[in-house]
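Colleague: What follows is work17.txt; its format and atoms are compact mmCIF, C-alpha atoms.
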# COMPACT_ATOMS: atom_id res chain seq x y z
CA GLU A 1 0.00 0.00 0.00
CA CYS A 2 1.21 3.49 -0.78
CA GLY A 3 -0.01 6.90 0.25
CA GLY A 4 1.06 10.08 -1.54
CA VAL A 5 0.81 13.69 -0.40
CA ALA A 6 0.26 16.37 -3.00
CA GLU A 7 1.98 19.76 -2.73
CA LEU A 8 0.47 22.29 -0.35
CA HIS A 9 -0.46 25.56 -2.11
CA GLY A 10 -1.27 28.52 0.11
CA ALA A 11 -3.75 27.61 2.83
CA ARG A 12 -5.18 24.64 0.98
CA ALA A 13 -5.02 21.37 2.90
CA PRO A 14 -2.69 18.71 1.49
CA GLU A 15 -4.29 16.03 -0.65
CA VAL A 16 -3.70 12.39 0.22
CA SER A 17 -3.99 9.62 -2.35
CA ILE A 18 -3.98 5.92 -1.48
CA GLY A 19 -3.27 3.11 -3.88
CA ASP A 20 -1.15 0.17 -4.98
CA ALA A 21 2.50 1.21 -4.77
CA ALA A 22 3.45 -0.84 -7.81
CA ALA A 23 0.97 1.07 -10.00
CA PHE A 24 1.07 4.46 -8.26
CA ASP A 25 1.92 7.54 -10.33
CA LEU A 26 4.67 9.11 -8.24
CA ALA A 27 4.79 12.13 -10.54
CA GLN A 28 1.53 13.32 -8.98
CA VAL A 29 2.82 13.54 -5.38
CA ASP A 30 5.56 15.25 -3.40
CA GLY A 31 6.10 12.51 -0.82
CA ALA A 32 5.13 8.92 -0.03
CA PHE A 33 4.42 6.64 2.88
CA LEU A 34 4.49 2.88 2.33
CA ASP A 35 3.20 0.11 4.58
CA PRO A 36 4.29 -3.14 2.92
CA ALA A 37 2.13 -6.20 3.61
CA ARG A 38 4.24 -8.75 5.51
CA ARG A 39 1.62 -11.51 5.72
CA THR A 40 -0.11 -13.55 3.04
CA ALA A 41 -3.50 -12.26 1.90
CA GLY A 42 -6.74 -13.61 3.38
CA HIS A 43 -8.88 -13.43 6.49
CA SER A 44 -7.69 -16.65 8.16
CA ASP A 45 -4.69 -18.98 8.15
CA THR A 46 -2.39 -16.19 7.04
CA ARG A 47 1.36 -16.60 7.50
CA ARG A 48 4.22 -14.18 7.91
CA ILE A 49 6.24 -13.60 4.75
CA ALA A 50 9.91 -14.44 5.34
CA SER A 51 11.61 -12.75 2.38
CA PRO A 52 11.49 -8.93 2.05
CA ASP A 53 11.47 -9.46 -1.71
CA ASP A 54 8.01 -10.96 -1.30
CA TYR A 55 6.57 -8.07 0.72
CA SER A 56 3.85 -6.13 -1.06
CA PRO A 57 5.35 -3.82 -2.16
CA SER A 58 8.82 -5.33 -1.94
CA LEU A 59 11.59 -3.55 -0.08
CA ARG A 60 13.34 -3.10 -3.41
CA LEU A 61 10.40 -1.08 -4.72
CA ALA A 62 10.01 0.84 -1.44
CA TYR A 63 13.66 1.85 -1.47
CA ALA A 64 13.39 2.90 -5.10
CA VAL A 65 10.57 5.26 -4.12
CA GLY A 66 12.79 6.58 -1.33
CA GLU A 67 15.43 7.46 -3.89
CA ARG A 68 12.94 9.69 -5.74
CA LEU A 69 10.78 11.27 -3.02
CA PRO A 70 10.72 12.07 0.69
CA THR A 71 9.45 8.70 1.90
CA GLY A 72 8.49 6.83 5.05
CA VAL A 73 8.36 3.03 5.17
CA LYS A 74 6.62 1.18 8.02
CA LEU A 75 8.16 -2.24 8.75
CA GLY A 76 8.20 -4.86 11.47
CA PRO A 77 10.31 -4.45 14.64
CA GLY A 78 12.49 -7.43 13.75
CA LEU A 79 13.75 -6.02 10.45
CA ASP A 80 17.21 -7.36 9.59
CA ARG A 81 19.54 -4.43 10.15
CA GLU A 82 21.59 -5.52 7.14
CA LEU A 83 18.64 -4.46 4.99
CA ILE A 84 18.68 -0.83 6.19
CA PRO A 85 20.14 1.51 3.53
CA ASP A 86 22.89 3.86 4.65
CA VAL A 87 20.89 6.85 3.38
CA ALA A 88 17.86 6.10 5.57
CA GLU A 89 17.08 7.15 9.12
CA ALA A 90 16.02 4.03 11.03
CA GLN A 91 13.61 4.57 13.92
CA TRP A 92 12.46 1.82 16.28
CA VAL A 93 9.16 2.50 18.07
CA SER A 94 7.96 1.00 21.35
CA VAL A 95 4.66 1.43 23.20
CA ASP A 96 4.63 0.76 26.95
CA GLY A 97 7.70 -1.45 26.68
CA GLN A 98 6.68 -3.39 23.56
CA VAL A 99 8.59 -2.73 20.32
CA VAL A 100 5.91 -2.42 17.64
CA GLU A 101 7.60 -1.26 14.44
CA THR A 102 10.63 -0.03 12.56
CA ALA A 103 10.21 3.10 10.46
CA LEU A 104 12.64 4.09 7.72
CA TRP A 105 12.76 7.70 6.56
CA PHE A 106 14.26 8.90 3.27
CA GLY A 107 15.10 12.22 1.71
CA ALA A 108 13.77 15.33 3.46
CA LEU A 109 11.99 13.12 6.03
CA ALA A 110 15.34 11.81 7.32
CA ARG A 111 16.68 14.24 9.93
CA PRO A 112 20.18 15.61 9.32
CA GLY A 113 22.78 13.83 11.42
CA VAL A 114 20.35 11.12 12.57
CA SER A 115 20.55 7.55 11.35
CA ARG A 116 19.42 5.75 14.52
CA ALA A 117 16.47 6.64 16.74
CA ALA A 118 14.51 5.03 19.56
CA LEU A 119 11.00 6.46 19.99
CA VAL A 120 9.42 5.43 23.28
CA HIS A 121 5.72 5.92 24.05
CA ARG A 122 5.16 5.33 27.74
CA GLY A 123 2.30 6.39 29.99
CA GLY A 124 0.84 8.62 27.29
CA GLU A 125 4.11 10.52 26.84
CA ARG A 126 6.59 10.46 23.98
CA HIS A 127 10.39 10.35 24.39
CA GLU A 128 13.14 9.88 21.84
CA MET A 129 16.86 9.15 21.70
CA THR A 130 18.72 9.86 18.45
CA ALA A 131 22.26 9.36 17.23
CA ALA A 132 24.34 9.59 14.07
CA GLY A 133 24.96 5.84 14.21
CA ASP A 134 25.16 2.80 16.47
CA ALA A 135 26.54 3.77 19.88
CA PRO A 136 29.53 1.77 21.14
CA ASP A 137 28.88 -0.04 24.41
CA VAL A 138 30.11 1.57 27.61
CA ASP A 139 32.71 -0.29 29.67
CA VAL A 140 31.80 -3.30 31.79
CA GLN A 141 31.76 -2.61 35.51
CA PRO A 142 30.99 -4.55 38.70
CA ILE A 143 27.39 -4.83 39.89
CA GLY A 144 26.29 -1.56 41.45
CA ALA A 145 23.34 -0.62 43.61
CA TYR A 146 21.03 -0.41 40.56
CA LEU A 147 20.43 -2.38 37.40
CA TYR A 148 18.81 -0.89 34.29
CA GLU A 149 16.99 -2.86 31.60
CA PRO A 150 16.93 -0.69 28.44
CA ASP A 151 13.68 -0.36 26.52
CA GLY A 152 13.49 -2.68 23.52
CA ALA A 153 13.57 0.26 21.10
CA VAL A 154 16.87 1.41 22.62
CA ILE A 155 18.26 -2.12 22.28
CA ARG A 156 17.14 -2.49 18.64
CA ALA A 157 18.57 0.94 17.78
CA ARG A 158 21.86 -0.08 19.45
CA LEU A 159 21.88 2.97 21.67
CA ILE A 160 22.60 1.10 24.91
CA GLY A 161 26.01 2.75 25.19
CA ALA A 162 24.50 6.21 24.75
CA LEU A 163 21.95 5.43 27.46
CA GLY A 164 24.69 4.14 29.75
CA ALA A 165 26.58 7.42 29.37
CA ARG A 166 23.42 9.34 30.31
CA LEU A 167 22.87 7.21 33.40
CA GLN A 168 26.54 7.09 34.41
CA ALA A 169 26.21 3.32 34.24
CA GLY A 170 28.31 0.55 32.71
CA MET A 171 27.55 -2.75 31.03
CA LEU A 172 26.94 -5.57 33.49
CA SER A 173 28.43 -8.07 31.04
CA PRO A 174 29.76 -7.84 27.45
CA GLY A 175 27.00 -8.22 24.88
CA ILE A 176 24.18 -8.42 27.44
CA ALA A 177 21.66 -5.56 27.47
CA TYR A 178 21.81 -4.74 31.18
CA LEU A 179 23.40 -1.61 32.64
CA THR A 180 24.51 -1.14 36.23
CA GLY A 181 25.57 1.76 38.43
CA ASP A 182 25.53 3.11 41.97
CA THR A 183 23.36 6.13 41.21
CA TYR A 184 19.62 6.00 40.51
CA ALA A 185 18.42 8.11 37.59
CA GLU A 186 14.80 8.08 36.46
CA THR A 187 14.52 7.57 32.70
CA PRO A 188 11.77 6.63 30.24
CA PHE A 189 14.34 4.64 28.25
CA ALA A 190 14.90 1.87 30.80
CA GLN A 191 13.32 0.07 33.73
CA ALA A 192 15.36 0.53 36.89
CA PHE A 193 15.77 -2.07 39.63
CA ARG A 194 17.35 -1.66 43.04
CA ILE A 195 19.58 -4.62 43.81
CA VAL A 196 18.63 -6.04 47.20
CA GLU A 197 21.22 -8.81 47.34
CA ALA A 198 22.97 -11.53 45.36
CA LEU A 199 21.50 -15.01 45.80
CA PRO A 200 22.97 -18.43 44.97
CA ALA A 201 22.87 -19.34 41.29
CA ARG A 202 22.50 -23.08 41.95
CA GLU A 203 18.80 -23.90 41.73
CA LYS A 204 18.56 -25.96 44.90
CA ASP A 205 20.29 -23.26 46.95
CA LEU A 206 18.24 -20.54 45.27
CA ARG A 207 15.00 -22.28 46.27
CA ARG A 208 16.12 -22.38 49.88
CA ALA A 209 17.19 -18.73 49.83
CA LEU A 210 13.82 -17.59 48.46
CA ALA A 211 11.93 -19.70 50.99
CA ALA A 212 14.01 -18.22 53.82
CA ARG A 213 12.96 -14.73 52.64
CA ASP A 214 9.24 -15.69 52.57
CA ILE A 215 8.98 -14.98 48.83
CA GLY A 216 5.94 -16.45 47.11
CA ARG A 217 5.39 -14.09 44.16
CA LEU A 218 8.40 -13.87 41.88
CA GLU A 219 8.94 -11.95 38.67
CA ILE A 220 11.83 -13.63 36.82
CA LYS A 221 13.85 -11.69 34.27
CA LYS A 222 16.78 -13.16 32.38
CA ARG A 223 19.37 -12.28 29.76
CA GLY A 224 22.34 -14.32 28.60
CA ILE A 225 21.10 -17.49 30.34
CA ASP A 226 19.17 -20.37 28.79
CA VAL A 227 16.30 -20.84 31.22
CA ASP A 228 12.52 -20.81 30.93
CA PRO A 229 11.19 -18.46 33.67
CA ALA A 230 7.78 -20.15 33.86
CA SER A 231 9.29 -23.63 34.33
CA LEU A 232 11.84 -22.36 36.84
CA ARG A 233 9.13 -20.64 38.86
CA LYS A 234 7.27 -23.96 39.19
CA ARG A 235 10.41 -25.82 40.22
CA LEU A 236 11.18 -23.23 42.92
CA LYS A 237 7.90 -24.19 44.68
CA LEU A 238 7.32 -20.73 46.09
CA SER A 239 4.83 -20.41 48.95
CA GLY A 240 5.74 -17.26 50.87
CA SER A 241 3.79 -14.05 51.38
CA GLN A 242 6.26 -11.57 49.86
CA GLY A 243 6.87 -10.51 46.26
CA ALA A 244 10.19 -9.79 44.52
CA THR A 245 12.01 -9.68 41.21
CA LEU A 246 14.77 -12.15 40.38
CA ILE A 247 17.27 -11.24 37.67
CA LEU A 248 19.23 -14.12 36.14
CA THR A 249 22.20 -13.14 34.00
CA ARG A 250 26.02 -13.12 33.82
CA ASP A 251 28.54 -10.77 35.34
CA GLY A 252 31.61 -9.32 33.66
CA THR A 253 33.52 -12.58 34.07
CA GLY A 254 30.77 -14.64 32.41
CA ARG A 255 29.71 -16.20 35.73
CA HIS A 256 26.00 -16.97 36.23
CA ILE A 257 24.46 -14.70 38.86
CA SER A 258 21.06 -14.40 40.57
CA LEU A 259 20.09 -10.96 41.81
CA LEU A 260 17.16 -10.30 44.11
CA ALA A 261 15.77 -6.87 43.18
CA GLU A 262 12.84 -4.52 43.44
CA ARG A 263 11.46 -2.20 40.77
CA CYS A 264 12.18 1.49 41.29
If you took the structure in this file and wrote it as structure tokens, what would it be?

Modeller:
Amino acid sequence: ECGGVAELHGARAPEVSIGDAAAFDLAQVDGAFLDPARRTAGHSDTRRIASPDDYSPSLRLAYAVGERLPTGVKLGPGLDRELIPDVAEAQWVSVDGQVVETALWFGALARPGVSRAALVHRGGERHEMTAAGDAPDVDVQPIGAYLYEPDGAVIRARLIGALGARLQAGMLSPGIAYLTGDTYAETPFAQAFRIVEALPAREKDLRRALAARDIGRLEIKKRGIDVDPASLRKRLKLSGSQGATLILTRDGTGRHISLLAERC
């Protein structure tokens, strides 16, 4: 699907035309917005299309439009970054913590000096981080008093390092999207947790530690560790009266760690 916006003359409202991108007369518009279909046609039993060449319109056609006109292209949040043209601004969008789309902007719609952006809608408010390119990760540092889990849009845009610099926080472990620091800073771009204490990583010892702390309601978060939170929660046989968050991950040495935490 393609939408085109005709030129605005004086006070007259812009005209919007909608049609099939493959047959659209681009000479009649001054800009375009494309929303390629990424599922097979039909009302039931549809499937996701794997190859961008089979999108409707294809990415090849969408990018060709972007070479001619100011253009926006709405795509899925899991778009292969290798498919993003160097000339486009790539913007990942999340709503209340859920990454919902990737938008590519071409020509006059791409902001000067911006090729990566994370747009976060949270609690009815809009916040954005932008950068000229992928941000290098900040240095790894020991576990501090706080742990930050970056919003998915920040992770997809590879702006974790830029966020870490803002928060005066370091990477908890190389390649794992957790930041840590001793200073709490409120931010819409990450969920903050206060680290209560480190618990044993061995499952049997962890179960005993949680029981000793009267924990019966447990939110389990994990990165860099192959574990199913729902199955682990059942095996822990929790029966206490208190609630907590358990973060399972690795530290800077690659060692498995279990952190008892509370949301800030």

Colleague: For Leu34 in chain A, which residue out of A:Gln141, A:Ser258, A:Gln168, A:Ser56 is the nearest one, using all atoms listed in the file?

Modeller: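 Closest to Leu34 in chain A of all the choices is A:Ser56.
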
Colleague: Would you mind listing what lies within 12 Å of Gly252 in chain A as a ChimeraX atom specification, with only C-alpha atoms counted and same-chain residues fewer than 2 positions away left out?

Modeller: /A:139-143,170-176,178-180,224,249-250,254-257

Colleague: Pick out the residues sitting within 10 Å of Asp226 in chain A, and hand them over as a PDB file with C-alpha atoms, in the frame of the given file; count only C-alpha atoms, and ignore anything fewer than 3 positions along from it in its own chain.

Modeller:
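Now in out_33.pdb:
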ATOM      1  CA  LYS A 222      16.780 -13.160  32.380  1.00  0.00           C
ATOM      2  CA  ARG A 223      19.370 -12.280  29.760  1.00  0.00           C
ATOM      3  CA  PRO A 229      11.190 -18.460  33.670  1.00  0.00           C
ATOM      4  CA  LEU A 248      19.230 -14.120  36.140  1.00  0.00           C
ATOM      5  CA  THR A 249      22.200 -13.140  34.000  1.00  0.00           C
TER       6      THR A 249
END

Colleague: One number please: CA of Val73 in chain A to CA of Leu104 in chain A, in Å, one decimal.

Modeller: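 Those two atoms sit 5.1 Å apart.
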
Colleague: CA of Phe193 in chain A and CA of Pro150 in chain A, how far apart in Å?

Modeller: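 We find that CA of Pro150 in chain A and CA of Phe193 in chain A lie 11.3 Å from each other.
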
Colleague: What does the distance from CA of Glu67 in chain A to CA of Leu119 in chain A come to in Å, to one decimal?

Modeller: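 Interatomic distance, CA of Glu67 in chain A to CA of Leu119 in chain A: 24.3 Å.
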
Colleague: Can you work out which one of A:Ala21, A:Cys264, A:Ala244, A:Ala162 has the shortest atom-to-atom distance to Gly216 in chain A, counting all atoms listed in the file?

Modeller: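 When distances to Gly216 in chain A are compared using all atoms listed in the file, the smallest one comes from A:Ala244.
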
Colleague: Near range 82-88 of chain A, within 7 Å and counting all atoms listed in the file, which residues show up once chain neighbours fewer than 6 positions away are dropped, as JSON, numbers by chain?

Modeller: {"A": [104, 105, 106, 110, 115]}

Colleague: Looking at all atoms listed in the file, which of A:Val114, A:Ala177, A:Ala37, A:Ala153 is the one that sits closest to Val99 in chain A?

Modeller: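 Checking each of A:Val114, A:Ala177, A:Ala37, A:Ala153 against Val99 in chain A, counting all atoms listed in the file, the winner is A:Ala153.
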
Colleague: I need every residue sitting at most 10 Å from the point (9.3, -3.4, -0.2) (coordinates as in the file, all atoms listed in the file considered), written as a VMD selection string.

Modeller: chain A and resid 1 21 to 22 34 to 38 51 to 65 73 to 75

Colleague: Extract, using all atoms listed in the file, all DNA, RNA and protein residues at most 8 Å from Ala211 in chain A, discarding same-chain residues fewer than 4 positions from it, and format them as a list in words.

Modeller: Arg207, Ile215, Gly216, Leu238, Ser239 and Gly240 of chain A

Colleague: Leaving out Gln98 in chain A and any residue of its chain fewer than 6 positions from it, which residues lie within 10 Å of it when counting all atoms listed in the file, given as a list in words?

Modeller: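 Within the cut-off, the hits are Pro77, Val120, His121, Arg122, Asp151, Gly152 and Ala153 of chain A.
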
Colleague: Would you list the residues near (2.5, 11.1, -4.9) (no more than 12 Å away, in the coordinates of the file, using all atoms listed in the file) as number ranges by chain?

Modeller: A: 2-7, 14-21, 23-34, 65-66, 68-71

Colleague: Measuring atom to atom with only C-alpha atoms, identify which of A:Leu210, A:Val93, A:Ala118, A:Ala201 is nearest to Leu163 in chain A.

Modeller: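 Closest to Leu163 in chain A of all the choices is A:Ala118.
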
Colleague: With distances taken over all atoms listed in the file, which residue among A:Val100, A:Ala198, A:Ala157, A:Ile247 lies nearest Arg263 in chain A?

Modeller: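 So, comparing all the options, the nearest one is A:Ile247.
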